$ cat input33.cif   # mmCIF, C-alpha atoms
data_protein
loop_
_atom_site.label_atom_id
_atom_site.label_comp_id
_atom_site.auth_asym_id
_atom_site.auth_seq_id
_atom_site.Cartn_x
_atom_site.Cartn_y
_atom_site.Cartn_z
CA MET A 1 31.24 -20.63 17.61
CA ALA A 2 29.28 -17.43 17.24
CA GLY A 3 25.52 -17.73 16.96
CA LEU A 4 23.19 -17.13 14.05
CA ASN A 5 21.42 -13.86 13.55
CA LEU A 6 17.78 -14.44 12.66
CA ILE A 7 15.84 -11.63 11.00
CA LEU A 8 12.16 -12.20 10.32
CA VAL A 9 10.46 -9.60 8.15
CA THR A 10 6.87 -9.35 6.96
CA HIS A 11 5.45 -6.68 4.66
CA ALA A 12 4.08 -4.90 7.70
CA GLU A 13 6.91 -5.08 10.20
CA LYS A 14 10.26 -6.44 11.23
CA LEU A 15 9.01 -9.10 13.57
CA LEU A 16 12.23 -10.52 14.93
CA GLU A 17 15.90 -9.76 15.06
CA ILE A 18 17.49 -12.14 17.48
CA GLU A 19 20.60 -14.19 18.04
CA CYS A 20 20.06 -17.90 18.17
CA SER A 21 22.06 -21.09 18.09
CA ASP A 22 20.05 -22.79 15.35
CA VAL A 23 17.07 -22.15 13.08
CA GLY A 24 14.58 -24.61 11.57
CA LEU A 25 12.94 -23.53 8.30
CA PRO A 26 10.09 -25.02 6.27
CA GLY A 27 11.78 -25.13 2.85
CA ARG A 28 9.69 -25.67 -0.29
CA LYS A 29 11.43 -29.01 -0.78
CA GLY A 30 11.52 -30.06 2.86
CA ASP A 31 12.51 -28.83 6.28
CA MET A 32 15.94 -27.36 6.75
CA GLY A 33 18.04 -26.96 9.85
CA ILE A 34 20.48 -24.07 9.75
CA LEU A 35 23.49 -24.02 12.06
CA PRO A 36 26.19 -21.35 12.32
CA GLY A 37 28.66 -21.59 9.47
CA HIS A 38 26.03 -22.68 6.94
CA ALA A 39 26.84 -22.14 3.28
CA ALA A 40 25.17 -19.20 1.52
CA LEU A 41 21.68 -20.23 0.48
CA ILE A 42 18.55 -18.78 -1.04
CA SER A 43 15.41 -20.82 -0.81
CA THR A 44 11.67 -20.49 -1.05
CA LEU A 45 9.58 -21.40 1.97
CA ARG A 46 6.29 -23.21 2.12
CA PRO A 47 3.73 -22.29 4.77
CA GLY A 48 4.77 -23.99 7.95
CA GLU A 49 6.65 -23.84 11.14
CA LEU A 50 9.78 -21.82 11.71
CA SER A 51 11.61 -22.62 14.93
CA TYR A 52 14.65 -21.22 16.63
CA GLN A 53 16.65 -21.65 19.80
CA PRO A 54 17.53 -18.27 21.32
CA THR A 55 21.16 -18.00 22.44
CA GLU A 56 20.16 -16.42 25.71
CA GLY A 57 18.51 -19.69 26.65
CA GLY A 58 14.94 -20.58 27.40
CA ALA A 59 12.63 -22.85 25.48
CA ARG A 60 12.72 -23.34 21.74
CA ARG A 61 10.40 -20.81 20.04
CA PHE A 62 7.98 -21.48 17.20
CA VAL A 63 6.54 -19.15 14.58
CA ALA A 64 3.87 -19.92 11.99
CA VAL A 65 4.90 -18.47 8.62
CA ALA A 66 3.12 -18.00 5.29
CA PRO A 67 4.95 -18.73 2.03
CA GLY A 68 8.04 -16.64 1.46
CA PHE A 69 11.80 -16.67 1.05
CA CYS A 70 14.89 -17.02 3.10
CA GLU A 71 18.45 -16.02 2.56
CA VAL A 72 21.34 -17.43 4.54
CA ALA A 73 24.67 -15.62 4.33
CA ASP A 74 27.43 -14.84 6.81
CA ASP A 75 25.61 -16.47 9.70
CA THR A 76 22.58 -14.29 9.12
CA VAL A 77 19.25 -15.90 8.32
CA THR A 78 16.83 -13.47 6.70
CA VAL A 79 13.25 -14.67 6.33
CA LEU A 80 10.73 -12.76 4.20
CA THR A 81 7.16 -13.84 4.49
CA GLU A 82 3.70 -12.41 4.06
CA THR A 83 2.52 -13.17 7.56
CA ALA A 84 4.23 -14.57 10.62
CA GLU A 85 2.83 -15.23 14.06
CA PRO A 86 4.65 -16.49 17.13
CA ALA A 87 3.04 -19.52 18.75
CA GLU A 88 1.99 -17.64 21.87
CA ASP A 89 0.05 -15.03 19.83
CA ILE A 90 -2.16 -17.53 18.03
CA ASP A 91 -5.64 -18.24 19.28
CA ALA A 92 -5.75 -22.02 18.91
CA ALA A 93 -9.55 -22.29 18.76
CA ALA A 94 -9.88 -19.53 16.15
CA ALA A 95 -7.03 -21.03 14.13
CA THR A 96 -8.75 -24.42 14.11
CA THR A 97 -12.07 -22.92 12.97
CA GLU A 98 -10.31 -21.00 10.22
CA ARG A 99 -8.48 -24.11 9.09
CA ASP A 100 -11.70 -26.13 8.99
CA GLU A 101 -13.50 -23.45 6.99
CA LEU A 102 -10.69 -23.18 4.49
CA ALA A 103 -10.38 -26.94 4.22
CA ALA A 104 -14.10 -27.17 3.47
CA GLU A 105 -13.81 -24.43 0.87
CA TYR A 106 -10.84 -26.22 -0.64
CA ALA A 107 -12.78 -29.47 -0.87
CA ARG A 108 -15.63 -27.70 -2.69
CA ALA A 109 -13.40 -25.69 -5.02
CA SER A 110 -12.83 -26.61 -8.64
CA PHE A 111 -9.43 -27.92 -9.64
CA GLU A 112 -8.22 -24.52 -10.93
CA ASP A 113 -9.33 -22.71 -7.79
CA GLN A 114 -7.65 -25.23 -5.58
CA ALA A 115 -4.22 -24.08 -6.67
CA GLY A 116 -4.92 -20.59 -5.37
CA LEU A 117 -6.32 -21.89 -2.10
CA LYS A 118 -3.59 -24.37 -1.36
CA ASP A 119 -1.21 -21.91 0.29
CA ARG A 120 -3.97 -20.44 2.41
CA VAL A 121 -5.05 -23.86 3.63
CA ASP A 122 -1.46 -24.77 4.41
CA THR A 123 -0.90 -21.49 6.23
CA ALA A 124 -4.01 -22.13 8.33
CA GLN A 125 -2.79 -25.64 9.07
CA ALA A 126 0.62 -24.26 10.08
CA ARG A 127 -1.05 -21.87 12.51
CA VAL A 128 -2.94 -24.73 14.12
CA ASP A 129 0.23 -26.81 14.43
CA VAL A 130 2.24 -23.96 15.85
CA ALA A 131 -0.50 -22.96 18.28
CA ALA A 132 -0.28 -26.46 19.73
CA ARG A 133 3.40 -25.77 20.55
CA ALA A 134 2.70 -22.83 22.80
CA MET B 135 -26.50 47.08 3.69
CA ALA B 136 -27.07 43.87 5.59
CA SER B 137 -28.87 44.25 8.87
CA LEU B 138 -27.20 43.45 12.17
CA ILE B 139 -29.18 40.25 12.59
CA ASP B 140 -28.19 39.04 9.14
CA LEU B 141 -24.53 39.69 9.86
CA ARG B 142 -24.70 37.90 13.17
CA ARG B 143 -26.29 34.90 11.46
CA ARG B 144 -23.60 34.78 8.81
CA ILE B 145 -20.83 34.94 11.36
CA ARG B 146 -22.42 32.02 13.18
CA THR B 147 -22.62 29.82 10.07
CA VAL B 148 -19.05 30.54 9.08
CA LYS B 149 -17.96 29.66 12.60
CA ASN B 150 -19.77 26.33 12.38
CA THR B 151 -18.10 25.55 9.09
CA GLN B 152 -14.76 26.49 10.55
CA GLN B 153 -15.27 24.05 13.38
CA ILE B 154 -16.00 21.26 10.93
CA THR B 155 -12.96 21.97 8.80
CA LYS B 156 -10.80 22.20 11.90
CA ALA B 157 -12.05 18.81 13.09
CA MET B 158 -11.49 17.29 9.64
CA LYS B 159 -7.97 18.63 9.60
CA MET B 160 -7.23 17.01 12.93
CA VAL B 161 -8.72 13.69 11.86
CA ALA B 162 -6.69 13.78 8.65
CA ALA B 163 -3.53 14.52 10.63
CA ALA B 164 -4.09 11.50 12.85
CA LYS B 165 -4.82 9.27 9.86
CA LEU B 166 -1.79 10.60 8.03
CA ARG B 167 0.37 9.59 10.96
CA ARG B 168 -0.96 6.05 10.73
CA ALA B 169 -0.55 5.91 6.96
CA GLN B 170 3.04 7.12 7.24
CA ASP B 171 3.80 4.50 9.86
CA GLN B 172 2.38 1.88 7.53
CA ILE B 173 4.69 3.01 4.75
CA LEU B 174 7.69 2.98 7.02
CA ALA B 175 6.78 -0.50 8.20
CA THR B 176 7.12 -1.85 4.66
CA ARG B 177 10.68 -0.57 4.30
CA PRO B 178 12.51 -3.57 5.82
CA TYR B 179 10.55 -5.94 3.60
CA ALA B 180 11.29 -3.86 0.51
CA LEU B 181 14.97 -3.80 1.40
CA GLU B 182 15.22 -7.54 1.91
CA LEU B 183 13.17 -8.28 -1.21
CA ARG B 184 15.56 -6.14 -3.20
CA LYS B 185 18.56 -7.92 -1.71
CA VAL B 186 17.29 -11.39 -2.53
CA THR B 187 16.39 -10.43 -6.08
CA GLU B 188 19.75 -8.83 -6.64
CA HIS B 189 21.49 -11.99 -5.56
CA LEU B 190 19.47 -13.84 -8.14
CA ALA B 191 20.60 -11.42 -10.78
CA ALA B 192 24.15 -12.57 -11.25
CA VAL B 193 23.10 -16.14 -11.94
CA ALA B 194 19.74 -15.92 -13.55
CA ALA B 195 19.51 -12.59 -15.35
CA GLY B 196 20.32 -13.81 -18.83
CA GLU B 197 18.43 -17.01 -19.18
CA VAL B 198 15.25 -16.66 -17.17
CA GLU B 199 11.98 -16.09 -18.99
CA HIS B 200 8.78 -15.34 -17.15
CA PRO B 201 5.44 -14.09 -18.44
CA LEU B 202 5.46 -11.17 -16.01
CA LEU B 203 8.95 -10.07 -17.03
CA THR B 204 10.01 -8.09 -20.07
CA PRO B 205 11.42 -10.53 -22.60
CA ALA B 206 15.17 -11.11 -22.49
CA GLY B 207 15.52 -9.75 -26.02
CA GLY B 208 14.68 -6.29 -24.73
CA GLU B 209 11.48 -4.27 -24.71
CA GLY B 210 9.08 -4.77 -27.52
CA ALA B 211 10.48 -8.09 -28.68
CA ALA B 212 7.11 -9.72 -28.05
CA ALA B 213 4.94 -6.67 -28.43
CA GLU B 214 3.72 -7.31 -31.98
CA ALA B 215 1.81 -10.37 -30.90
CA GLY B 216 -0.04 -8.46 -28.15
CA SER B 217 -3.66 -7.47 -27.82
CA GLY B 218 -2.81 -3.78 -28.23
CA LYS B 219 -4.60 -2.96 -25.01
CA THR B 220 -3.31 -1.32 -21.88
CA LEU B 221 -4.80 -1.50 -18.43
CA VAL B 222 -4.65 1.67 -16.40
CA LEU B 223 -4.99 1.38 -12.66
CA VAL B 224 -6.40 4.69 -11.44
CA VAL B 225 -5.93 5.25 -7.74
CA THR B 226 -8.12 7.99 -6.25
CA GLY B 227 -9.55 8.54 -2.81
CA ASP B 228 -12.91 7.38 -1.53
CA LYS B 229 -13.86 10.88 -0.47
CA GLY B 230 -13.51 14.44 -1.64
CA LEU B 231 -12.65 17.60 0.29
CA CYS B 232 -8.97 17.09 -0.23
CA GLY B 233 -8.01 19.84 -2.63
CA ALA B 234 -6.95 18.85 -6.10
CA PHE B 235 -5.93 15.36 -5.02
CA ASN B 236 -8.52 13.47 -7.06
CA ALA B 237 -8.74 15.98 -9.89
CA HIS B 238 -5.03 15.70 -10.63
CA VAL B 239 -5.18 11.96 -10.99
CA GLN B 240 -8.29 12.18 -13.16
CA ARG B 241 -6.74 14.76 -15.45
CA ARG B 242 -3.54 12.78 -15.82
CA THR B 243 -5.53 9.65 -16.57
CA GLU B 244 -7.49 11.41 -19.30
CA GLN B 245 -4.27 12.64 -20.88
CA GLU B 246 -2.74 9.18 -20.86
CA MET B 247 -5.93 7.61 -22.14
CA ALA B 248 -5.94 10.06 -25.01
CA ALA B 249 -2.32 9.17 -25.72
CA LEU B 250 -3.25 5.49 -25.80
CA ASN B 251 -5.71 6.24 -28.59
CA GLY B 252 -8.57 4.14 -27.29
CA GLY B 253 -6.30 1.25 -26.43
CA GLY B 254 -6.66 1.89 -22.73
CA GLU B 255 -8.97 0.41 -20.20
CA ILE B 256 -9.47 1.71 -16.67
CA LEU B 257 -9.59 -0.14 -13.41
CA ALA B 258 -10.63 2.50 -10.92
CA LEU B 259 -9.75 2.18 -7.26
CA GLY B 260 -11.59 4.42 -4.83
CA ASN B 261 -15.09 5.90 -5.09
CA ARG B 262 -14.03 9.19 -6.62
CA GLY B 263 -12.35 7.78 -9.68
CA ALA B 264 -14.98 5.08 -10.03
CA ASP B 265 -17.81 7.65 -10.16
CA PHE B 266 -15.93 10.07 -12.37
CA PHE B 267 -15.02 7.59 -15.08
CA THR B 268 -18.32 5.74 -14.97
CA HIS B 269 -20.18 9.00 -15.59
CA ARG B 270 -17.85 9.93 -18.40
CA GLY B 271 -18.40 6.58 -20.03
CA ALA B 272 -14.70 5.84 -20.25
CA PRO B 273 -13.74 2.29 -21.24
CA MET B 274 -13.61 0.45 -17.93
CA ARG B 275 -12.50 -2.96 -16.83
CA GLY B 276 -14.12 -2.34 -13.49
CA ALA B 277 -14.10 -0.33 -10.33
CA ARG B 278 -13.37 -1.03 -6.73
CA ARG B 279 -15.12 1.12 -4.18
CA GLY B 280 -14.20 1.60 -0.58
CA VAL B 281 -10.69 0.16 -0.94
CA PHE B 282 -9.28 2.67 1.50
CA LYS B 283 -11.79 2.03 4.23
CA ASP B 284 -9.85 -0.97 5.35
CA LEU B 285 -6.65 -1.16 3.36
CA SER B 286 -4.69 -4.32 3.94
CA TYR B 287 -2.17 -6.51 2.20
CA ALA B 288 -5.01 -8.85 1.27
CA THR B 289 -6.53 -6.09 -0.89
CA ALA B 290 -3.27 -5.81 -2.80
CA GLN B 291 -2.99 -9.57 -3.10
CA GLU B 292 -6.43 -9.87 -4.60
CA LEU B 293 -5.79 -7.05 -7.06
CA ALA B 294 -2.40 -8.39 -8.03
CA ALA B 295 -3.84 -11.83 -8.68
CA GLU B 296 -6.55 -10.43 -10.96
CA ILE B 297 -4.22 -8.11 -12.84
CA SER B 298 -1.43 -10.64 -13.25
CA LYS B 299 -3.86 -13.23 -14.54
CA ALA B 300 -5.39 -10.84 -17.07
CA TYR B 301 -1.93 -9.85 -18.17
CA ALA B 302 -0.60 -13.39 -18.42
CA ASP B 303 -3.70 -14.39 -20.41
CA GLY B 304 -2.78 -11.77 -22.97
CA GLU B 305 -5.73 -9.45 -22.32
CA TYR B 306 -3.34 -6.53 -21.95
CA ASP B 307 0.09 -5.62 -23.25
CA ALA B 308 0.94 -3.57 -20.22
CA VAL B 309 -0.44 -2.42 -16.91
CA TYR B 310 0.16 1.10 -15.62
CA ALA B 311 -0.81 2.84 -12.42
CA VAL B 312 -1.73 6.50 -11.97
CA TYR B 313 -1.60 7.63 -8.38
CA ASN B 314 -0.56 10.40 -6.03
CA GLU B 315 2.88 9.85 -4.69
CA PHE B 316 3.45 11.03 -1.16
CA ILE B 317 6.40 13.41 -1.17
CA SER B 318 5.75 15.38 1.97
CA VAL B 319 2.79 16.66 3.93
CA LEU B 320 2.68 19.72 1.69
CA SER B 321 3.28 18.12 -1.65
CA GLN B 322 2.01 15.18 -3.63
CA ARG B 323 3.07 14.25 -7.11
CA VAL B 324 0.97 12.47 -9.67
CA SER B 325 2.89 9.45 -10.80
CA TRP B 326 2.50 7.32 -13.91
CA GLU B 327 4.20 4.03 -13.37
CA ARG B 328 4.38 0.71 -15.17
CA LEU B 329 3.44 -2.30 -13.06
CA LEU B 330 3.57 -4.96 -15.76
CA PRO B 331 5.58 -6.24 -17.43
CA ILE B 332 8.22 -5.90 -14.79
CA ALA B 333 11.32 -4.33 -16.23
CA ARG B 334 14.14 -6.82 -16.11
CA GLU B 335 16.53 -4.28 -14.65
CA ASP B 336 14.08 -3.43 -11.86
CA VAL B 337 13.98 -6.88 -10.34
CA LEU B 338 17.28 -8.24 -11.36
CA GLY B 339 19.41 -5.16 -10.94
CA ASP B 340 22.28 -4.21 -13.14
CA GLU B 341 24.03 -7.34 -14.25
CA GLY B 342 27.40 -5.69 -14.09
CA ALA B 343 26.93 -4.21 -10.65
CA SER B 344 25.68 -7.34 -8.95
CA ALA B 345 28.31 -9.57 -10.51
CA ASN B 346 30.93 -7.82 -8.43
CA GLY B 347 29.39 -8.80 -5.13
CA HIS B 348 28.56 -12.25 -6.42
CA ARG B 349 29.09 -15.21 -4.19
CA ASP B 350 28.22 -18.84 -4.59
CA TYR B 351 24.75 -19.36 -3.31
CA LEU B 352 22.93 -22.62 -3.06
CA TYR B 353 19.50 -22.35 -4.64
CA GLU B 354 16.68 -24.46 -3.46
CA PRO B 355 14.77 -25.21 -5.63
CA SER B 356 16.33 -23.83 -8.84
CA GLU B 357 16.91 -20.14 -9.59
CA ALA B 358 14.08 -20.17 -12.11
CA GLU B 359 11.62 -21.62 -9.65
CA ILE B 360 12.57 -19.12 -7.00
CA LEU B 361 12.04 -16.35 -9.51
CA ASN B 362 8.66 -17.83 -10.37
CA GLU B 363 7.58 -17.43 -6.79
CA LEU B 364 9.25 -14.11 -6.36
CA LEU B 365 7.79 -12.19 -9.28
CA PRO B 366 4.11 -12.45 -8.31
CA ARG B 367 5.08 -11.31 -4.83
CA PHE B 368 6.98 -8.44 -6.33
CA VAL B 369 3.85 -7.32 -8.19
CA THR B 370 1.71 -7.62 -5.07
CA PHE B 371 4.18 -5.61 -3.12
CA GLN B 372 4.30 -2.89 -5.78
CA ILE B 373 0.53 -2.56 -5.73
CA TYR B 374 0.50 -2.49 -1.96
CA ARG B 375 3.07 0.28 -2.02
CA VAL B 376 1.08 2.30 -4.56
CA LEU B 377 -2.05 1.99 -2.41
CA LEU B 378 -0.21 3.04 0.73
CA GLU B 379 1.40 6.00 -1.01
CA SER B 380 -1.94 7.17 -2.32
CA GLN B 381 -3.53 6.77 1.08
CA ALA B 382 -0.87 8.84 2.80
CA ALA B 383 -1.00 11.44 0.04
CA GLU B 384 -4.79 11.69 0.35
CA HIS B 385 -4.66 12.36 4.07
CA ALA B 386 -1.86 14.87 3.58
CA ALA B 387 -3.84 16.63 0.84
CA ARG B 388 -6.94 16.72 2.99
CA MET B 389 -5.00 18.07 5.92
CA THR B 390 -3.56 20.91 3.85
CA ALA B 391 -6.90 21.67 2.20
CA MET B 392 -8.73 21.74 5.50
CA ASP B 393 -6.02 23.85 7.07
CA SER B 394 -6.42 26.54 4.44
CA ALA B 395 -10.20 26.24 4.65
CA THR B 396 -9.98 26.87 8.38
CA LYS B 397 -7.73 29.85 7.77
CA ASN B 398 -10.07 31.27 5.13
CA ALA B 399 -13.02 30.87 7.45
CA GLY B 400 -11.07 32.74 10.13
CA GLU B 401 -10.40 35.63 7.74
CA LEU B 402 -14.02 35.74 6.69
CA ILE B 403 -15.10 35.87 10.32
CA ASP B 404 -12.71 38.76 10.97
CA THR B 405 -14.07 40.74 8.03
CA LEU B 406 -17.66 40.05 8.98
CA THR B 407 -17.04 40.94 12.63
CA LEU B 408 -15.48 44.23 11.60
CA GLN B 409 -18.42 44.99 9.37
CA TYR B 410 -20.82 44.01 12.14
CA ASN B 411 -19.14 46.27 14.71
CA ARG B 412 -19.06 49.17 12.27
CA SER B 413 -22.73 48.99 11.51
CA ARG B 414 -23.51 48.54 15.19
CA GLN B 415 -21.52 51.66 15.99
CA ALA B 416 -23.11 53.57 13.13
CA GLU B 417 -26.51 52.68 14.50
CA ILE B 418 -25.58 53.84 18.00
CA THR B 419 -24.18 57.09 16.65
CA THR B 420 -27.34 57.77 14.68
CA GLU B 421 -29.41 57.12 17.77
CA LEU B 422 -27.27 59.44 19.88
CA ILE B 423 -27.53 62.21 17.32
CA GLU B 424 -31.26 61.80 17.29
CA VAL B 425 -31.46 62.05 21.10
CA VAL B 426 -29.14 65.06 21.28
CA SER B 427 -30.83 66.94 18.49
CA GLY B 428 -34.19 66.16 20.07
CA ALA B 429 -33.01 67.60 23.40
CA ASN B 430 -31.57 70.66 21.65
CA ALA B 431 -34.87 71.29 19.94
CA LEU B 432 -36.71 71.24 23.30
CA GLU B 433 -34.23 73.70 24.91
CA GLY B 434 -34.30 76.02 21.93
#

$ encode --input "input33.cif" --output "structure tokens"
Amino acid sequence: MAGLNLILVTHAEKLLEIECSDVGLPGRKGDMGILPGHAALISTLRPGELSYQPTEGGARRFVAVAPGFCEVADDTVTVLTETAEPAEDIDAAAATTERDELAAEYARASFEDQAGLKDRVDTAQARVDVAARA
Amino acid sequence: MASLIDLRRRIRTVKNTQQITKAMKMVAAAKLRRAQDQILATRPYALELRKVTEHLAAVAAGEVEHPLLTPAGGEGAAAEAGSGKTLVLVVTGDKGLCGAFNAHVQRRTEQEMAALNGGGEILALGNRGADFFTHRGAPMRGARRGVFKDLSYATAQELAAEISKAYADGEYDAVYAVYNEFISVLSQRVSWERLLPIAREDVLGDEGASANGHRDYLYEPSEAEILNELLPRFVTFQIYRVLLESQAAEHAARMTAMDSATKNAGELIDTLTLQYNRSRQAEITTELIEVVSGANALEG
């Protein structure tokens, strides 16, 4: 069967356009695995880990993504997110420091402020997790 | 008539000024390039965002209600209950020397404010607008200075969060933006655009049109929840786009202004040089005549 076409777009650039055999997405309600022939789907994404297996072979690749959306249609997976960083581009030490700082800020924040911080903390956590995959 | 030394001095100062304007023009050109690239880079995102929202249209257009959206009953259905106030986002540059760039935005803002009959409040972005409206004592919500020094998506996010919150809390009935739209290097257009509430048709497309290409999508979570997440992002993206447009337009305006300044300086130098050479020659001629007539007097 033909592969999936993965398009990853942030507000600043088109980060990826690649053919792959499967894509893993961090859906708002839980992780999703997309294989070729998947039904048409629109979903929101939580901050987390996007992974894909390039058709041309090689290791599975990981990308840390901020909250966003995805659309699956006709074997094309389009991901829109505010930021996205491939595992190999993340500085693990810096990511960990950032996560710790945000987590501390989150712990100090009032209940109302926590809602606004939640995504940022999760995004930082995703970067740490993904950095560990590189 | 100015003496030779005076003329020489003037030519030198004009030359110095010309060098500065020439350098500024070149800097603006380089920055414009970067700003244009930044705008182009947002295109794919804009395209995809549009696509996703249009897919939502067919299913959700009728029944979804969201505080940031115009009410389903059409414009004005909820307007009577409003605060009667309008927030105007004025986007100017941080610096001057860019022709009428800032002045145009300021004039347009004053017109619109007058039309709002005191119901308007300004949020000024960029030093120029901030200073101008503070001095005039216009009703202000606040001012952000130095936004364009390091313009990033985070700036837009922060602004969008503040504006959306104020709007959702009922502080304002509507939010508009006045900014310079980047048309080309030679032309900018002052634009008056509504940011909030988001017009239903803008996000959700034409119901009729999108129904044709409608297919059965799975929605996870529900359509309404997706829309809830999408709309704030839509606002952020709009603001980001406005800021980028204004930034590109500012550099373009500065480039054009500095180009004509350089040209004017060149013309001035030509005129002054001509004048200088004429008076130099006149002086030499006078001297020669004096020498010759002196010699003639001795012979005679």

$ residues_around --input "input33.cif" --residues "Leu6 of chain A" --least-positions-apart "5" --cutoff "7 Å" --atoms "all atoms listed in the file" --output "number ranges by chain"
A: 17-20, 76-78

$ write_last_selection --input "input33.cif" --atoms "C-alpha atoms" --output "PDB file, keeping the file's coordinate frame"
ATOM      1  CA  GLU A  17      15.900  -9.760  15.060  1.00  0.00           C
ATOM      2  CA  ILE A  18      17.490 -12.140  17.480  1.00  0.00           C
ATOM      3  CA  GLU A  19      20.600 -14.190  18.040  1.00  0.00           C
ATOM      4  CA  CYS A  20      20.060 -17.900  18.170  1.00  0.00           C
ATOM      5  CA  THR A  76      22.580 -14.290   9.120  1.00  0.00           C
ATOM      6  CA  VAL A  77      19.250 -15.900   8.320  1.00  0.00           C
ATOM      7  CA  THR A  78      16.830 -13.470   6.700  1.00  0.00           C
TER       8      THR A  78
END

$ atom_distance --input "input33.cif" --atom1 "atom CA of Leu25 of chain A" --atom2 "atom CA of Tyr179 of chain B"
18.4 Å

$ closest_residue --input "input33.cif" --among "A:Ala132, A:Leu45, A:Leu8, A:Ala94" --to "Glu363 of chain B" --atoms "all atoms listed in the file"
A:Leu45

$ resolve_selection --input "input33.cif" --expression "the PyMOL selection byres ((chain B) within 6 of (chain A))" --output "mmCIF file with C-alpha atoms, in the frame of the given file"
data_model
loop_
_atom_site.group_PDB
_atom_site.id
_atom_site.type_symbol
_atom_site.label_atom_id
_atom_site.label_comp_id
_atom_site.auth_asym_id
_atom_site.auth_seq_id
_atom_site.Cartn_x
_atom_site.Cartn_y
_atom_site.Cartn_z
ATOM 1 C CA ALA B 175 6.780 -0.500 8.200
ATOM 2 C CA THR B 176 7.120 -1.850 4.660
ATOM 3 C CA TYR B 179 10.550 -5.940 3.600
ATOM 4 C CA TYR B 351 24.750 -19.360 -3.310
ATOM 5 C CA LEU B 352 22.930 -22.620 -3.060
ATOM 6 C CA TYR B 353 19.500 -22.350 -4.640
ATOM 7 C CA GLU B 354 16.680 -24.460 -3.460
#

$ resolve_selection --input "input33.cif" --expression "the PyMOL selection byres ((chain A and resi 127) around 8)" --output "ChimeraX atom specification"
/A:48,64-65,85,87,90,92,95,123-126,128-131

$ atom_distance --input "input33.cif" --atom1 "atom CA of Ala295 of chain B" --atom2 "atom CA of Arg367 of chain B"
9.7 Å

$ atom_distance --input "input33.cif" --atom1 "atom CA of Arg323 of chain B" --atom2 "atom CA of Glu384 of chain B"
11.1 Å

$ resolve_selection --input "input33.cif" --expression "the PyMOL selection byres ((chain B and resi 397) around 12)" --output "short mmCIF file (atom, residue, chain, number, x, y, z; two decimals) with C-alpha atoms, keeping the file's coordinate frame"
data_model
loop_
_atom_site.label_atom_id
_atom_site.label_comp_id
_atom_site.auth_asym_id
_atom_site.auth_seq_id
_atom_site.Cartn_x
_atom_site.Cartn_y
_atom_site.Cartn_z
CA VAL B 148 -19.05 30.54 9.08
CA LYS B 149 -17.96 29.66 12.60
CA THR B 151 -18.10 25.55 9.09
CA GLN B 152 -14.76 26.49 10.55
CA GLN B 153 -15.27 24.05 13.38
CA THR B 155 -12.96 21.97 8.80
CA LYS B 156 -10.80 22.20 11.90
CA LYS B 159 -7.97 18.63 9.60
CA THR B 390 -3.56 20.91 3.85
CA ALA B 391 -6.90 21.67 2.20
CA MET B 392 -8.73 21.74 5.50
CA ASP B 393 -6.02 23.85 7.07
CA SER B 394 -6.42 26.54 4.44
CA ALA B 395 -10.20 26.24 4.65
CA THR B 396 -9.98 26.87 8.38
CA ASN B 398 -10.07 31.27 5.13
CA ALA B 399 -13.02 30.87 7.45
CA GLY B 400 -11.07 32.74 10.13
CA GLU B 401 -10.40 35.63 7.74
CA LEU B 402 -14.02 35.74 6.69
CA ILE B 403 -15.10 35.87 10.32
CA ASP B 404 -12.71 38.76 10.97
#

$ closest_residue --input "input33.cif" --among "B:Leu250, B:Ala258, B:Ala300, B:Ala157" --to "Leu202 of chain B" --atoms "all atoms listed in the file"
B:Ala300

$ residues_around --input "input33.cif" --residues "segment 413-423 of chain B" --least-positions-apart "5" --cutoff "12 Å" --atoms "only C-alpha atoms" --output "list in words"
Met135, Ala136, Ser137, Leu138, Ile139, Asp140, Leu141, Arg142, Leu406, Thr407, Leu408, Gly428, Ala429, Asn430 and Ala431 of chain B

$ write_last_selection --input "input33.cif" --atoms "C-alpha atoms" --output "PDB file, in the coordinates of the input"
ATOM      1  CA  MET B 135     -26.500  47.080   3.690  1.00  0.00           C
ATOM      2  CA  ALA B 136     -27.070  43.870   5.590  1.00  0.00           C
ATOM      3  CA  SER B 137     -28.870  44.250   8.870  1.00  0.00           C
ATOM      4  CA  LEU B 138     -27.200  43.450  12.170  1.00  0.00           C
ATOM      5  CA  ILE B 139     -29.180  40.250  12.590  1.00  0.00           C
ATOM      6  CA  ASP B 140     -28.190  39.040   9.140  1.00  0.00           C
ATOM      7  CA  LEU B 141     -24.530  39.690   9.860  1.00  0.00           C
ATOM      8  CA  ARG B 142     -24.700  37.900  13.170  1.00  0.00           C
ATOM      9  CA  LEU B 406     -17.660  40.050   8.980  1.00  0.00           C
ATOM     10  CA  THR B 407     -17.040  40.940  12.630  1.00  0.00           C
ATOM     11  CA  LEU B 408     -15.480  44.230  11.600  1.00  0.00           C
ATOM     12  CA  GLY B 428     -34.190  66.160  20.070  1.00  0.00           C
ATOM     13  CA  ALA B 429     -33.010  67.600  23.400  1.00  0.00           C
ATOM     14  CA  ASN B 430     -31.570  70.660  21.650  1.00  0.00           C
ATOM     15  CA  ALA B 431     -34.870  71.290  19.940  1.00  0.00           C
TER      16      ALA B 431
END

$ residues_around --input "input33.cif" --residues "Arg61 of chain A" --least-positions-apart "4" --cutoff "8 Å" --atoms "all atoms listed in the file" --output "JSON, numbers by chain"
{"A": [51, 52, 53, 54, 86, 87]}

$ residues_near_point --input "input33.cif" --point "(-11.5, 10.1, -16.9)" --cutoff "12 Å" --atoms "all atoms listed in the file" --output "NGL selection string"
:B and (222-226 or 236-248 or 254-258 or 262-274 or 312)
